[in-house]
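Dropping query_11.txt in here (compact mmCIF, C-alpha atoms):
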```
# COMPACT_ATOMS: atom_id res chain seq x y z
CA GLY A 1 43.50 25.95 37.25
CA ARG A 2 41.71 24.66 40.36
CA THR A 3 40.70 28.11 41.56
CA LEU A 4 39.26 28.86 38.14
CA ASP A 5 37.35 25.56 38.13
CA GLU A 6 35.97 26.36 41.58
CA TYR A 7 34.92 29.84 40.42
CA TYR A 8 32.98 28.44 37.45
CA ALA A 9 31.53 25.56 39.47
CA ARG A 10 29.99 28.09 41.89
CA GLN A 11 28.60 30.35 39.20
CA THR A 12 24.92 31.10 39.52
CA LEU A 13 22.51 30.68 36.65
CA ASP A 14 22.61 33.72 34.35
CA GLY A 15 19.08 35.13 34.62
CA VAL A 16 19.46 37.37 31.56
CA TYR A 17 20.67 34.43 29.45
CA VAL A 18 17.86 32.15 30.66
CA GLY A 19 15.35 34.99 30.23
CA ASP A 20 16.22 35.12 26.54
CA ALA A 21 15.66 31.37 26.07
CA THR A 22 13.35 31.84 23.07
CA GLY A 23 15.78 34.05 21.15
CA ARG A 24 18.76 31.87 21.98
CA ARG A 25 16.96 28.69 20.98
CA LYS A 26 15.96 30.26 17.63
CA ALA A 27 19.56 31.28 16.98
CA PHE A 28 20.80 27.81 17.97
CA ASN A 29 18.20 26.25 15.68
CA ARG A 30 19.66 28.19 12.72
CA VAL A 31 23.14 26.90 13.63
CA LEU A 32 21.79 23.36 13.91
CA LYS A 33 20.17 23.56 10.45
CA LYS A 34 23.52 24.62 8.94
CA MET A 35 25.26 21.78 10.77
CA LYS A 36 22.73 19.21 9.51
CA HIS A 37 23.20 20.57 5.99
CA LEU A 38 26.98 20.10 6.29
CA SER A 39 26.64 16.70 7.95
CA PRO A 40 23.30 15.07 6.95
CA GLY A 41 24.08 11.80 8.76
CA MET A 42 24.87 13.47 12.08
CA GLY A 43 23.56 11.30 14.91
CA ASN A 44 25.21 12.59 18.07
CA LEU A 45 26.96 15.62 19.39
CA LEU A 46 28.82 16.99 22.38
CA ASP A 47 28.46 20.61 23.48
CA ILE A 48 31.42 21.80 25.56
CA GLY A 49 30.50 24.52 28.06
CA CYS A 50 26.82 23.86 27.35
CA GLY A 51 25.49 26.25 30.01
CA PRO A 52 21.82 25.64 30.82
CA GLY A 53 21.44 23.46 27.70
CA PHE A 54 19.42 25.48 25.17
CA PHE A 55 21.46 24.32 22.17
CA LEU A 56 21.29 20.71 23.34
CA ALA A 57 17.51 20.97 23.80
CA GLU A 58 17.16 22.10 20.18
CA ALA A 59 19.49 19.33 18.99
CA LYS A 60 17.57 16.72 20.99
CA GLU A 61 14.29 17.92 19.46
CA ALA A 62 15.95 17.51 16.05
CA GLY A 63 16.51 13.83 16.88
CA LEU A 64 20.17 13.88 17.90
CA ASP A 65 21.72 11.98 20.80
CA VAL A 66 23.11 14.87 22.87
CA PHE A 67 25.83 15.14 25.50
CA GLY A 68 27.00 18.20 27.36
CA LEU A 69 29.96 19.23 29.46
CA GLU A 70 29.34 22.07 31.91
CA ILE A 71 31.17 22.96 35.11
CA SER A 72 28.46 25.19 36.67
CA GLY A 73 26.35 23.09 39.02
CA GLU A 74 23.33 25.38 38.69
CA SER A 75 23.42 25.23 34.90
CA VAL A 76 23.70 21.42 34.98
CA LYS A 77 20.72 21.25 37.36
CA PHE A 78 18.67 23.53 35.08
CA ALA A 79 19.53 21.47 31.97
CA LYS A 80 18.68 18.19 33.67
CA GLU A 81 15.53 19.27 35.52
CA LYS A 82 13.95 21.96 33.34
CA LEU A 83 15.06 20.78 29.89
CA ARG A 84 15.16 17.05 30.69
CA LEU A 85 18.68 16.58 29.36
CA PRO A 86 20.12 13.68 31.37
CA LYS A 87 23.53 13.44 29.69
CA ILE A 88 25.15 16.62 31.01
CA PHE A 89 28.41 16.07 32.88
CA GLN A 90 30.35 18.33 35.22
CA ASP A 91 33.75 16.83 34.56
CA TYR A 92 35.55 15.24 31.66
CA GLY A 93 36.05 11.91 33.48
CA SER A 94 32.29 11.40 33.97
CA LEU A 95 31.66 12.29 30.35
CA GLU A 96 34.34 9.82 29.20
CA ALA A 97 32.74 7.03 31.23
CA ALA A 98 29.23 7.61 29.85
CA ALA A 99 29.73 8.90 26.31
CA PRO A 100 30.51 7.17 23.04
CA GLY A 101 34.15 7.10 22.00
CA GLN A 102 33.63 9.67 19.28
CA PHE A 103 31.08 12.22 18.14
CA ASP A 104 29.69 13.32 14.78
CA ALA A 105 29.88 16.92 15.97
CA ILE A 106 31.39 18.89 18.83
CA THR A 107 30.28 22.43 19.61
CA ALA A 108 31.72 25.07 21.92
CA PHE A 109 29.82 28.34 21.91
CA ASP A 110 31.64 31.19 23.68
CA PHE A 111 33.76 28.73 25.61
CA ILE A 112 37.32 28.68 24.28
CA GLU A 113 38.07 32.23 25.42
CA HIS A 114 37.52 31.00 29.00
CA ALA A 115 39.90 28.03 28.71
CA LEU A 116 43.29 28.05 30.40
CA ASP A 117 44.75 26.15 27.46
CA PRO A 118 42.79 26.66 24.22
CA LYS A 119 45.10 24.34 22.26
CA GLU A 120 44.28 21.52 24.70
CA VAL A 121 40.57 22.08 24.00
CA PHE A 122 41.20 21.60 20.28
CA ILE A 123 43.41 18.55 20.87
CA LYS A 124 40.77 16.84 23.04
CA ALA A 125 37.97 17.78 20.63
CA ASN A 126 39.96 16.37 17.70
CA LYS A 127 40.40 13.06 19.52
CA LYS A 128 36.66 12.86 20.26
CA LEU A 129 35.55 13.72 16.71
CA LYS A 130 34.82 11.05 14.13
CA VAL A 131 36.72 11.38 10.86
CA GLY A 132 34.89 14.04 8.87
CA GLY A 133 33.06 15.23 12.00
CA LEU A 134 32.15 18.87 12.60
CA LEU A 135 33.81 21.16 15.14
CA VAL A 136 31.66 24.26 15.53
CA PHE A 137 32.65 27.03 17.91
CA THR A 138 32.22 30.74 18.47
CA VAL A 139 34.68 33.15 20.06
CA PRO A 140 34.86 36.92 20.24
CA ILE A 141 37.38 38.19 17.67
CA ILE A 142 39.54 40.96 19.13
CA ASN A 143 40.30 42.65 15.80
CA SER A 144 36.72 42.47 14.49
CA VAL A 145 35.03 45.59 13.14
CA THR A 146 32.73 45.66 16.20
CA ALA A 147 35.67 45.42 18.62
CA LYS A 148 37.50 48.21 16.78
CA ILE A 149 34.47 50.52 16.75
CA LEU A 150 33.53 49.94 20.40
CA GLY A 151 37.11 49.93 21.74
CA LYS A 152 37.06 49.73 25.54
CA LYS A 153 33.26 49.48 25.50
CA TRP A 154 33.34 46.17 23.55
CA ASN A 155 31.21 43.72 25.58
CA ALA A 156 33.74 40.88 25.23
CA LEU A 157 36.36 42.70 27.31
CA VAL A 158 35.66 40.92 30.58
CA PRO A 159 37.95 39.47 33.27
CA THR A 160 36.73 35.89 32.72
CA HIS A 161 38.00 35.92 29.12
CA LEU A 162 41.51 34.55 29.50
CA ASN A 163 42.20 34.53 25.76
CA TYR A 164 41.48 36.85 22.90
CA PHE A 165 41.73 35.67 19.32
CA THR A 166 42.14 36.89 15.80
CA LEU A 167 41.20 34.61 12.92
CA LYS A 168 44.94 34.16 12.29
CA SER A 169 45.69 33.17 15.90
CA LEU A 170 42.86 30.60 15.83
CA GLU A 171 44.28 29.19 12.63
CA ASN A 172 47.75 28.99 14.20
CA ILE A 173 46.38 27.02 17.14
CA TYR A 174 44.24 24.61 15.11
CA LYS A 175 46.11 24.07 11.84
CA PRO A 176 49.08 22.04 13.23
CA LEU A 177 46.75 19.43 14.80
```

Mind converting the file's structure to structure tokens?
Amino acid sequence: GRTLDEYYARQTLDGVYVGDATGRRKAFNRVLKKMKHLSPGMGNLLDIGCGPGFFLAEAKEAGLDVFGLEISGESVKFAKEKLRLPKIFQDYGSLEAAAPGQFDAITAFDFIEHALDPKEVFIKANKKLKVGGLLVFTVPIINSVTAKILGKKWNALVPTHLNYFTLKSLENIYKPL
């Protein structure tokens, strides 16, 4: 696990991702609107694997108290300096010390497939969620139509994805919690 943490901590800022800030922020805004519809009283949220912070910037503009967890130092620096998001933490301990006990919503966009122990991610998220809180996440689905059509050319087949999921496997991980 340490070597993996070190790898992600040293990751440089993804220029292509940052270059598409406008498109990503629009997409995140649509997600945020759906979340606010599902949970009108939502006041705070935690984004796990928040990257450079585009989702959190949209959520902050929408009036939410936002917290992020991100291991990449360059992404944390970008989020804090360029997007003025002070509550981004590089490790869980720092987040625990500074964050509220529980959140109205927890998000994890394209994160869980990188986790050594996806079930642990769900367990920790469950503990940090208020009763009735939202857990919103995205993962590539290995048996999706797109994956089947593209086969070996599917863009989610990358060495940093330690886990691949079907809807059923996700359900099997999360349901017993």

Would you write out, as CSV, a table of all residues in segment 135-160 of chain A that have an atom no more than 12 Å from an atom of segment 47-67 of chain A, listing for each the closest atom pair and the distance in Å to one decimal, considering only C-alpha atoms and ordering rows by chain and rising residue number?
```
residue,atom,partner,partner_atom,distance
A:Leu135,CA,A:Asp47,CA,9.9
A:Val136,CA,A:Asp47,CA,9.3
A:Phe137,CA,A:Ile48,CA,9.3
A:Thr138,CA,A:Ile48,CA,11.4
```

| request: May I ask for the distance between atom CA of Tyr174 of chain A and atom CA of Ile88 of chain A, given in Å to one decimal place? | output: 26.1 Å

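Interatomic distance, atom CA of Phe122 of chain A to atom CA of Lys33 of chain A: 23.3 Å.
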
| request: Using only C-alpha atoms, pick whichever of A:Met42, A:Val145, A:Ile106, A:Leu129 has the shortest atom-to-atom distance to Gly68 of chain A. | output: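 Nearest to Gly68 of chain A: A:Ile106.
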
Edge lengths and centre in Å to one decimal, as AutoDock Vina command-line options, of the axis-aligned box that encloses all listed atoms of segment 146-152 of chain A with 6 Å added on every side?
```
--center_x 35.1 --center_y 48.0 --center_z 20.9 --size_x 16.8 --size_y 17.1 --size_z 21.3
```

| Among listed residues A:Leu95, A:Leu134, A:Ile149, A:Leu116, nearest Leu162 of chain A (using all atoms listed in the file) |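 Result for the nearest residue to Leu162 of chain A: A:Leu116.
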
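Atom CA of Tyr92 of chain A sits 21.2 Å away from atom CA of Asn163 of chain A.
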
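Each of A:Asn44, A:Thr146, A:Asn126, A:Asn172 was compared to Lys87 of chain A using all atoms listed in the file, and A:Asn44 turns out to be the nearest.
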
| request: Find the residue from A:Leu32, A:Val139, A:Ala97, A:Ile123 that sits nearest to Phe109 of chain A; use only C-alpha atoms when measuring. | output: A:Val139

| said: Distance cut-off 8 Å, centre (28.9, 23.5, 33.2) in file coordinates, counting all atoms listed in the file: which residues qualify? Return them as a PyMOL selection string. | reply: chain A and resi 8-9+49-52+69-73+75-76+89-90
